[in-house]
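Below: work08.txt (compact mmCIF, N, CA and C atoms)
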# COMPACT_ATOMS: atom_id res chain seq x y z
N PRO A 899 14.63 31.84 -3.58
CA PRO A 899 14.15 30.88 -4.56
C PRO A 899 12.83 30.26 -4.10
N THR A 900 11.90 30.18 -5.01
CA THR A 900 10.62 29.55 -4.71
C THR A 900 10.67 28.11 -5.19
N THR A 901 9.96 27.26 -4.49
CA THR A 901 9.92 25.85 -4.87
C THR A 901 8.51 25.49 -5.30
N LYS A 902 8.44 24.61 -6.29
CA LYS A 902 7.14 24.11 -6.74
C LYS A 902 6.73 22.92 -5.87
N PRO A 903 5.45 22.77 -5.64
CA PRO A 903 5.02 21.58 -4.90
C PRO A 903 5.35 20.33 -5.72
N SER A 904 5.61 19.25 -5.04
CA SER A 904 5.89 17.99 -5.74
C SER A 904 4.65 17.55 -6.49
N MET A 905 4.83 17.25 -7.74
CA MET A 905 3.71 16.83 -8.58
C MET A 905 4.15 15.68 -9.47
N ILE A 906 3.22 14.86 -9.86
CA ILE A 906 3.49 13.81 -10.82
C ILE A 906 3.56 14.47 -12.19
N PRO A 907 4.63 14.23 -12.92
CA PRO A 907 4.76 14.85 -14.25
C PRO A 907 3.63 14.41 -15.18
N LYS A 908 3.10 15.35 -15.96
CA LYS A 908 2.00 15.09 -16.87
C LYS A 908 2.35 13.97 -17.86
N GLN A 909 3.55 13.96 -18.36
CA GLN A 909 3.97 12.93 -19.33
C GLN A 909 3.90 11.54 -18.69
N MET A 910 4.33 11.43 -17.45
CA MET A 910 4.27 10.14 -16.75
C MET A 910 2.83 9.72 -16.53
N LEU A 911 1.98 10.64 -16.14
CA LEU A 911 0.57 10.35 -15.93
C LEU A 911 -0.10 9.92 -17.22
N ASP A 912 0.16 10.62 -18.32
CA ASP A 912 -0.42 10.26 -19.62
C ASP A 912 0.02 8.86 -20.06
N PHE A 913 1.32 8.56 -19.91
CA PHE A 913 1.84 7.25 -20.29
C PHE A 913 1.18 6.15 -19.46
N THR A 914 1.13 6.34 -18.14
CA THR A 914 0.55 5.34 -17.26
C THR A 914 -0.93 5.14 -17.56
N SER A 915 -1.63 6.21 -17.77
CA SER A 915 -3.06 6.14 -18.08
C SER A 915 -3.31 5.36 -19.37
N SER A 916 -2.53 5.64 -20.41
CA SER A 916 -2.73 4.92 -21.67
C SER A 916 -2.37 3.44 -21.52
N LEU A 917 -1.37 3.14 -20.72
CA LEU A 917 -0.98 1.75 -20.48
C LEU A 917 -2.08 0.99 -19.75
N LEU A 918 -2.65 1.62 -18.73
CA LEU A 918 -3.70 0.97 -17.95
C LEU A 918 -4.97 0.72 -18.77
N LYS A 919 -5.24 1.57 -19.73
CA LYS A 919 -6.43 1.39 -20.59
C LYS A 919 -6.33 0.12 -21.43
N ARG A 920 -5.10 -0.33 -21.69
CA ARG A 920 -4.90 -1.52 -22.52
C ARG A 920 -4.97 -2.82 -21.73
N ILE A 921 -5.01 -2.74 -20.41
CA ILE A 921 -5.06 -3.95 -19.58
C ILE A 921 -6.50 -4.43 -19.48
N SER A 922 -6.68 -5.70 -19.71
CA SER A 922 -8.00 -6.31 -19.61
C SER A 922 -7.97 -7.37 -18.50
N TRP A 923 -8.80 -7.18 -17.51
CA TRP A 923 -8.86 -8.11 -16.39
C TRP A 923 -10.00 -9.08 -16.59
N SER A 924 -9.72 -10.35 -16.41
CA SER A 924 -10.78 -11.37 -16.43
C SER A 924 -11.36 -11.46 -15.01
N ARG A 925 -12.45 -12.17 -14.89
CA ARG A 925 -13.05 -12.40 -13.57
C ARG A 925 -12.06 -13.17 -12.68
N LYS A 926 -11.33 -14.11 -13.28
CA LYS A 926 -10.32 -14.88 -12.54
C LYS A 926 -9.23 -13.95 -12.01
N ASP A 927 -8.79 -13.01 -12.83
CA ASP A 927 -7.78 -12.03 -12.41
C ASP A 927 -8.29 -11.19 -11.23
N ALA A 928 -9.54 -10.76 -11.34
CA ALA A 928 -10.13 -9.93 -10.28
C ALA A 928 -10.25 -10.72 -8.97
N LEU A 929 -10.66 -12.00 -9.06
CA LEU A 929 -10.76 -12.83 -7.86
C LEU A 929 -9.40 -13.00 -7.20
N SER A 930 -8.40 -13.28 -8.00
CA SER A 930 -7.05 -13.47 -7.48
C SER A 930 -6.54 -12.19 -6.83
N PHE A 931 -6.71 -11.06 -7.50
CA PHE A 931 -6.26 -9.78 -6.95
C PHE A 931 -6.96 -9.48 -5.63
N LEU A 932 -8.29 -9.60 -5.61
CA LEU A 932 -9.03 -9.28 -4.39
C LEU A 932 -8.64 -10.19 -3.23
N GLY A 933 -8.51 -11.49 -3.52
CA GLY A 933 -8.13 -12.43 -2.47
C GLY A 933 -6.78 -12.08 -1.87
N GLN A 934 -5.81 -11.79 -2.72
CA GLN A 934 -4.48 -11.45 -2.23
C GLN A 934 -4.50 -10.10 -1.49
N TYR A 935 -5.22 -9.13 -2.03
CA TYR A 935 -5.28 -7.81 -1.41
C TYR A 935 -5.97 -7.87 -0.05
N LEU A 936 -7.10 -8.57 0.02
CA LEU A 936 -7.87 -8.61 1.26
C LEU A 936 -7.20 -9.43 2.37
N THR A 937 -6.30 -10.35 2.00
CA THR A 937 -5.65 -11.16 3.02
C THR A 937 -4.23 -10.70 3.34
N MET A 938 -3.74 -9.68 2.66
CA MET A 938 -2.37 -9.20 2.88
C MET A 938 -2.24 -8.65 4.29
N PRO A 939 -1.31 -9.20 5.08
CA PRO A 939 -1.13 -8.68 6.45
C PRO A 939 -0.59 -7.25 6.43
N LYS A 940 -0.96 -6.50 7.43
CA LYS A 940 -0.42 -5.15 7.60
C LYS A 940 1.08 -5.26 7.88
N PRO A 941 1.83 -4.20 7.59
CA PRO A 941 3.29 -4.27 7.77
C PRO A 941 3.76 -4.64 9.18
N HIS A 942 2.98 -4.31 10.19
CA HIS A 942 3.40 -4.59 11.57
C HIS A 942 3.08 -6.01 12.03
N VAL A 943 2.36 -6.77 11.23
CA VAL A 943 1.98 -8.13 11.62
C VAL A 943 3.16 -9.07 11.42
N VAL A 944 3.45 -9.84 12.46
CA VAL A 944 4.55 -10.80 12.41
C VAL A 944 4.02 -12.17 12.80
N PHE A 945 4.40 -13.17 12.03
CA PHE A 945 4.03 -14.55 12.33
C PHE A 945 5.23 -15.25 12.95
N ARG A 946 4.99 -16.03 13.96
CA ARG A 946 6.05 -16.78 14.61
C ARG A 946 6.04 -18.20 14.05
N PRO A 947 7.19 -18.66 13.55
CA PRO A 947 7.25 -20.02 13.00
C PRO A 947 6.78 -21.04 14.02
N GLY A 948 6.08 -22.07 13.52
CA GLY A 948 5.55 -23.11 14.40
C GLY A 948 6.66 -23.91 15.05
N ARG A 949 6.42 -24.33 16.29
CA ARG A 949 7.36 -25.19 17.00
C ARG A 949 7.30 -26.60 16.41
N ALA A 950 8.21 -27.44 16.87
CA ALA A 950 8.15 -28.85 16.46
C ALA A 950 6.75 -29.34 16.80
N ALA A 951 6.13 -29.95 15.85
CA ALA A 951 4.71 -30.26 16.01
C ALA A 951 4.45 -31.75 16.12
N ARG A 952 3.32 -32.02 16.62
CA ARG A 952 2.82 -33.39 16.62
C ARG A 952 2.40 -33.73 15.20
N PRO A 953 2.22 -34.99 14.89
CA PRO A 953 1.81 -35.35 13.52
C PRO A 953 0.47 -34.72 13.14
N LEU A 954 0.37 -34.31 11.91
CA LEU A 954 -0.85 -33.66 11.41
C LEU A 954 -2.08 -34.53 11.64
N GLU A 955 -1.96 -35.83 11.36
CA GLU A 955 -3.11 -36.74 11.49
C GLU A 955 -3.66 -36.82 12.90
N ARG A 956 -2.82 -36.51 13.90
CA ARG A 956 -3.26 -36.60 15.30
C ARG A 956 -3.39 -35.21 15.93
N SER A 957 -3.67 -34.21 15.09
CA SER A 957 -3.76 -32.83 15.59
C SER A 957 -5.07 -32.18 15.20
N ARG A 958 -5.35 -31.14 15.91
CA ARG A 958 -6.39 -30.19 15.53
C ARG A 958 -5.62 -29.02 14.92
N VAL A 959 -6.00 -28.60 13.73
CA VAL A 959 -5.31 -27.51 13.05
C VAL A 959 -6.11 -26.24 13.29
N ARG A 960 -5.42 -25.21 13.80
CA ARG A 960 -6.09 -23.94 14.08
C ARG A 960 -5.32 -22.81 13.41
N LEU A 961 -6.05 -21.96 12.67
CA LEU A 961 -5.42 -20.80 12.05
C LEU A 961 -4.93 -19.84 13.13
N ASP A 962 -3.77 -19.25 12.92
CA ASP A 962 -3.27 -18.21 13.80
C ASP A 962 -4.27 -17.06 13.80
N GLY A 963 -4.39 -16.37 14.90
CA GLY A 963 -5.34 -15.26 15.01
C GLY A 963 -5.13 -14.16 13.98
N LYS A 964 -3.91 -14.02 13.47
CA LYS A 964 -3.62 -12.98 12.48
C LYS A 964 -3.78 -13.46 11.05
N THR A 965 -3.98 -14.75 10.87
CA THR A 965 -4.08 -15.31 9.51
C THR A 965 -5.44 -15.03 8.90
N GLN A 966 -5.41 -14.65 7.63
CA GLN A 966 -6.62 -14.47 6.84
C GLN A 966 -6.59 -15.52 5.73
N LEU A 967 -7.57 -16.39 5.69
CA LEU A 967 -7.69 -17.42 4.66
C LEU A 967 -9.07 -17.27 4.02
N LEU A 968 -9.08 -16.93 2.74
CA LEU A 968 -10.34 -16.75 2.00
C LEU A 968 -10.39 -17.71 0.83
N SER A 969 -11.59 -18.17 0.53
CA SER A 969 -11.78 -18.96 -0.69
C SER A 969 -12.37 -18.04 -1.74
N SER A 970 -11.96 -18.27 -2.97
CA SER A 970 -12.48 -17.46 -4.08
C SER A 970 -12.66 -18.39 -5.27
N GLY A 971 -13.89 -18.91 -5.37
CA GLY A 971 -14.14 -19.89 -6.42
C GLY A 971 -13.27 -21.11 -6.18
N PRO A 972 -12.50 -21.52 -7.17
CA PRO A 972 -11.67 -22.72 -7.00
C PRO A 972 -10.34 -22.45 -6.28
N GLY A 973 -10.02 -21.20 -6.04
CA GLY A 973 -8.75 -20.87 -5.42
C GLY A 973 -8.90 -20.35 -4.01
N PHE A 974 -7.77 -20.15 -3.38
CA PHE A 974 -7.72 -19.64 -2.01
C PHE A 974 -6.67 -18.56 -1.94
N SER A 975 -6.80 -17.70 -0.94
CA SER A 975 -5.78 -16.70 -0.64
C SER A 975 -5.51 -16.76 0.84
N ILE A 976 -4.23 -16.77 1.18
CA ILE A 976 -3.84 -16.78 2.59
C ILE A 976 -2.72 -15.77 2.78
N ASN A 977 -2.97 -14.81 3.62
CA ASN A 977 -1.95 -13.80 3.97
C ASN A 977 -1.25 -13.22 2.75
N GLY A 978 -2.04 -12.87 1.74
CA GLY A 978 -1.51 -12.21 0.55
C GLY A 978 -0.99 -13.13 -0.53
N GLU A 979 -1.12 -14.42 -0.35
CA GLU A 979 -0.61 -15.40 -1.31
C GLU A 979 -1.78 -16.16 -1.94
N ALA A 980 -1.76 -16.27 -3.27
CA ALA A 980 -2.78 -17.05 -3.98
C ALA A 980 -2.36 -18.53 -3.95
N VAL A 981 -3.34 -19.40 -3.70
CA VAL A 981 -3.07 -20.83 -3.59
C VAL A 981 -4.15 -21.60 -4.34
N ARG A 982 -3.72 -22.62 -5.05
CA ARG A 982 -4.67 -23.54 -5.70
C ARG A 982 -4.42 -24.92 -5.15
N VAL A 983 -5.50 -25.62 -4.89
CA VAL A 983 -5.39 -27.02 -4.44
C VAL A 983 -6.23 -27.87 -5.39
N PRO A 984 -5.92 -29.16 -5.48
CA PRO A 984 -6.76 -30.04 -6.30
C PRO A 984 -8.21 -29.96 -5.83
N PRO A 985 -9.16 -30.03 -6.76
CA PRO A 985 -10.58 -29.92 -6.39
C PRO A 985 -11.00 -30.86 -5.26
N ARG A 986 -10.41 -32.05 -5.20
CA ARG A 986 -10.82 -33.01 -4.15
C ARG A 986 -10.46 -32.52 -2.74
N HIS A 987 -9.56 -31.54 -2.62
CA HIS A 987 -9.15 -31.02 -1.31
C HIS A 987 -9.78 -29.67 -0.98
N ALA A 988 -10.47 -29.08 -1.93
CA ALA A 988 -11.02 -27.74 -1.72
C ALA A 988 -12.02 -27.68 -0.57
N ALA A 989 -12.86 -28.68 -0.43
CA ALA A 989 -13.88 -28.66 0.63
C ALA A 989 -13.23 -28.67 2.01
N ALA A 990 -12.18 -29.46 2.21
CA ALA A 990 -11.50 -29.51 3.51
C ALA A 990 -10.84 -28.17 3.83
N LEU A 991 -10.23 -27.56 2.83
CA LEU A 991 -9.58 -26.27 3.06
C LEU A 991 -10.62 -25.16 3.29
N ARG A 992 -11.75 -25.25 2.60
CA ARG A 992 -12.83 -24.28 2.79
C ARG A 992 -13.39 -24.38 4.22
N LYS A 993 -13.49 -25.62 4.75
CA LYS A 993 -13.94 -25.79 6.13
C LYS A 993 -12.98 -25.14 7.10
N LEU A 994 -11.67 -25.30 6.85
CA LEU A 994 -10.67 -24.65 7.70
C LEU A 994 -10.83 -23.13 7.63
N ALA A 995 -11.05 -22.60 6.45
CA ALA A 995 -11.23 -21.15 6.29
C ALA A 995 -12.47 -20.67 7.04
N ASP A 996 -13.56 -21.40 6.93
CA ASP A 996 -14.81 -20.97 7.56
C ASP A 996 -14.80 -21.10 9.08
N ALA A 997 -14.31 -22.25 9.58
CA ALA A 997 -14.35 -22.51 11.02
C ALA A 997 -13.08 -22.06 11.73
N ARG A 998 -12.02 -21.76 10.97
CA ARG A 998 -10.72 -21.37 11.49
C ARG A 998 -10.02 -22.49 12.24
N ALA A 999 -10.60 -23.68 12.20
CA ALA A 999 -9.99 -24.87 12.80
C ALA A 999 -10.56 -26.09 12.09
N ALA A 1000 -9.76 -27.17 12.07
CA ALA A 1000 -10.22 -28.40 11.43
C ALA A 1000 -9.44 -29.58 11.99
N ASP A 1001 -10.02 -30.76 11.84
CA ASP A 1001 -9.36 -32.00 12.23
C ASP A 1001 -8.21 -32.25 11.26
N GLY A 1002 -7.03 -32.53 11.78
CA GLY A 1002 -5.86 -32.77 10.95
C GLY A 1002 -6.03 -33.92 9.98
N LYS A 1003 -6.82 -34.93 10.34
CA LYS A 1003 -7.04 -36.07 9.45
C LYS A 1003 -7.64 -35.61 8.13
N ALA A 1004 -8.50 -34.61 8.17
CA ALA A 1004 -9.16 -34.11 6.96
C ALA A 1004 -8.19 -33.36 6.05
N LEU A 1005 -7.03 -32.96 6.59
CA LEU A 1005 -6.06 -32.17 5.82
C LEU A 1005 -4.77 -32.95 5.54
N ALA A 1006 -4.75 -34.23 5.89
CA ALA A 1006 -3.50 -35.01 5.86
C ALA A 1006 -3.17 -35.66 4.52
N ALA A 1007 -4.05 -35.58 3.53
CA ALA A 1007 -3.76 -36.22 2.24
C ALA A 1007 -2.80 -35.38 1.41
N PRO A 1008 -1.86 -36.04 0.72
CA PRO A 1008 -0.96 -35.28 -0.17
C PRO A 1008 -1.77 -34.72 -1.35
N PRO A 1009 -1.45 -33.59 -1.90
CA PRO A 1009 -0.39 -32.64 -1.56
C PRO A 1009 -0.83 -31.60 -0.53
N LEU A 1010 -2.06 -31.71 -0.05
CA LEU A 1010 -2.57 -30.74 0.92
C LEU A 1010 -1.75 -30.77 2.21
N ALA A 1011 -1.32 -31.93 2.64
CA ALA A 1011 -0.54 -32.06 3.87
C ALA A 1011 0.75 -31.24 3.80
N ALA A 1012 1.41 -31.24 2.66
CA ALA A 1012 2.64 -30.47 2.50
C ALA A 1012 2.36 -28.97 2.62
N LEU A 1013 1.25 -28.53 2.06
CA LEU A 1013 0.87 -27.12 2.14
C LEU A 1013 0.58 -26.73 3.60
N ILE A 1014 -0.16 -27.57 4.30
CA ILE A 1014 -0.47 -27.32 5.71
C ILE A 1014 0.81 -27.27 6.54
N SER A 1015 1.74 -28.17 6.28
CA SER A 1015 3.02 -28.18 7.01
C SER A 1015 3.81 -26.90 6.74
N ARG A 1016 3.81 -26.46 5.50
CA ARG A 1016 4.50 -25.21 5.16
C ARG A 1016 3.88 -24.04 5.90
N TRP A 1017 2.55 -23.99 5.94
CA TRP A 1017 1.87 -22.90 6.65
C TRP A 1017 2.18 -22.95 8.15
N ARG A 1018 2.30 -24.16 8.71
CA ARG A 1018 2.66 -24.28 10.13
C ARG A 1018 4.07 -23.72 10.34
N GLN A 1019 4.99 -24.04 9.44
CA GLN A 1019 6.37 -23.54 9.57
C GLN A 1019 6.42 -22.02 9.47
N LEU A 1020 5.54 -21.44 8.67
CA LEU A 1020 5.49 -19.98 8.53
C LEU A 1020 4.76 -19.30 9.69
N GLY A 1021 4.07 -20.10 10.53
CA GLY A 1021 3.33 -19.54 11.65
C GLY A 1021 1.91 -19.14 11.30
N TYR A 1022 1.43 -19.52 10.12
CA TYR A 1022 0.07 -19.18 9.69
C TYR A 1022 -0.99 -19.99 10.43
N LEU A 1023 -0.60 -21.16 10.92
CA LEU A 1023 -1.52 -22.02 11.65
C LEU A 1023 -0.72 -22.83 12.65
N HIS A 1024 -1.44 -23.50 13.54
CA HIS A 1024 -0.80 -24.26 14.61
C HIS A 1024 -1.47 -25.61 14.75
N PHE A 1025 -0.68 -26.61 15.17
CA PHE A 1025 -1.20 -27.94 15.45
C PHE A 1025 -1.44 -28.01 16.95
N GLU A 1026 -2.63 -28.47 17.33
CA GLU A 1026 -2.98 -28.57 18.75
C GLU A 1026 -3.46 -29.98 19.05
N ARG A 1027 -3.57 -30.27 20.32
CA ARG A 1027 -4.17 -31.56 20.72
C ARG A 1027 -5.64 -31.54 20.35
N PRO A 1028 -6.15 -32.66 19.86
CA PRO A 1028 -7.60 -32.70 19.51
C PRO A 1028 -8.49 -32.55 20.71
Translate this structure into structure tokens?
Amino acid sequence: PTTKPSMIPKQMLDFTSSLLKRISWSRKDALSFLGQYLTMPKPHVVFRPGRAARPLERSRVRLDGKTQLLSSGPGFSINGEAVRVPPRHAAALRKLADARAADGKALAAPPLAALISRWRQLGYLHFERP
């Protein structure tokens, strides 16, 4: 018996192709997709949850070496996740993205503080002595 090489069925390809032609991406959609795609960790990357930390206000916040944090217009992407923050907090988060470290006082206002704490728990960043 001869076997055929594995191939994608023509009917499936035609259906998928016609479906994709109907999708319209906005610039916002493209920014969100690229941010999430470019920051998605490789499968072998593992983050270690943060230890009990000192208070955010009295810490230096440093991104983990494996963390990717990008800004894209008004939004941010971190390790494959799209994030929006109130405009008044965007500059502080952008500084963290650019310098990979920031003074905790600049990140301590709600609701940004809760986001920073969640990222620390996930191991995306660490609190250090100033």
(message) Just the number, please: distance in Å from atom C of A:Asp1001 to atom N of A:Asp962, one decimal.
(response)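 That distance, rounded to one decimal, is 13.8 Å.
You will find atom CA of A:Gly963 at 8.5 Å from atom CA of A:Tyr1022.
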(request) Can you work out which one of A:Arg1018, A:His987, A:Lys1003, A:His1024 has the shortest atom-to-atom distance to A:Arg956, counting only N, CA and C atoms? (result)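 The answer is A:Lys1003, which sits nearest to A:Arg956.
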(request) as a list of chain:residue names, list the residues of stretch 910-1016 of chain A assigned to strand (DSSP E) by DSSP on the backbone atoms of this structure. (result)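 DSSP on the backbone gives strand (DSSP E) at A:Arg958, A:Val959, A:Arg960, A:Leu961, A:Leu967, A:Leu968, A:Ser969, A:Ser970, A:Gly973, A:Phe974, A:Ser975, A:Ile976, A:Glu979, A:Ala980, A:Val981, A:Arg982, A:Ala999, A:Ala1000, A:Asp1001.
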(request) Using all atoms listed in the file, pick whichever of A:Arg960, A:Ile906, A:Val983, A:Val943 has the shortest atom-to-atom distance to A:Leu1010. (result) A:Val983
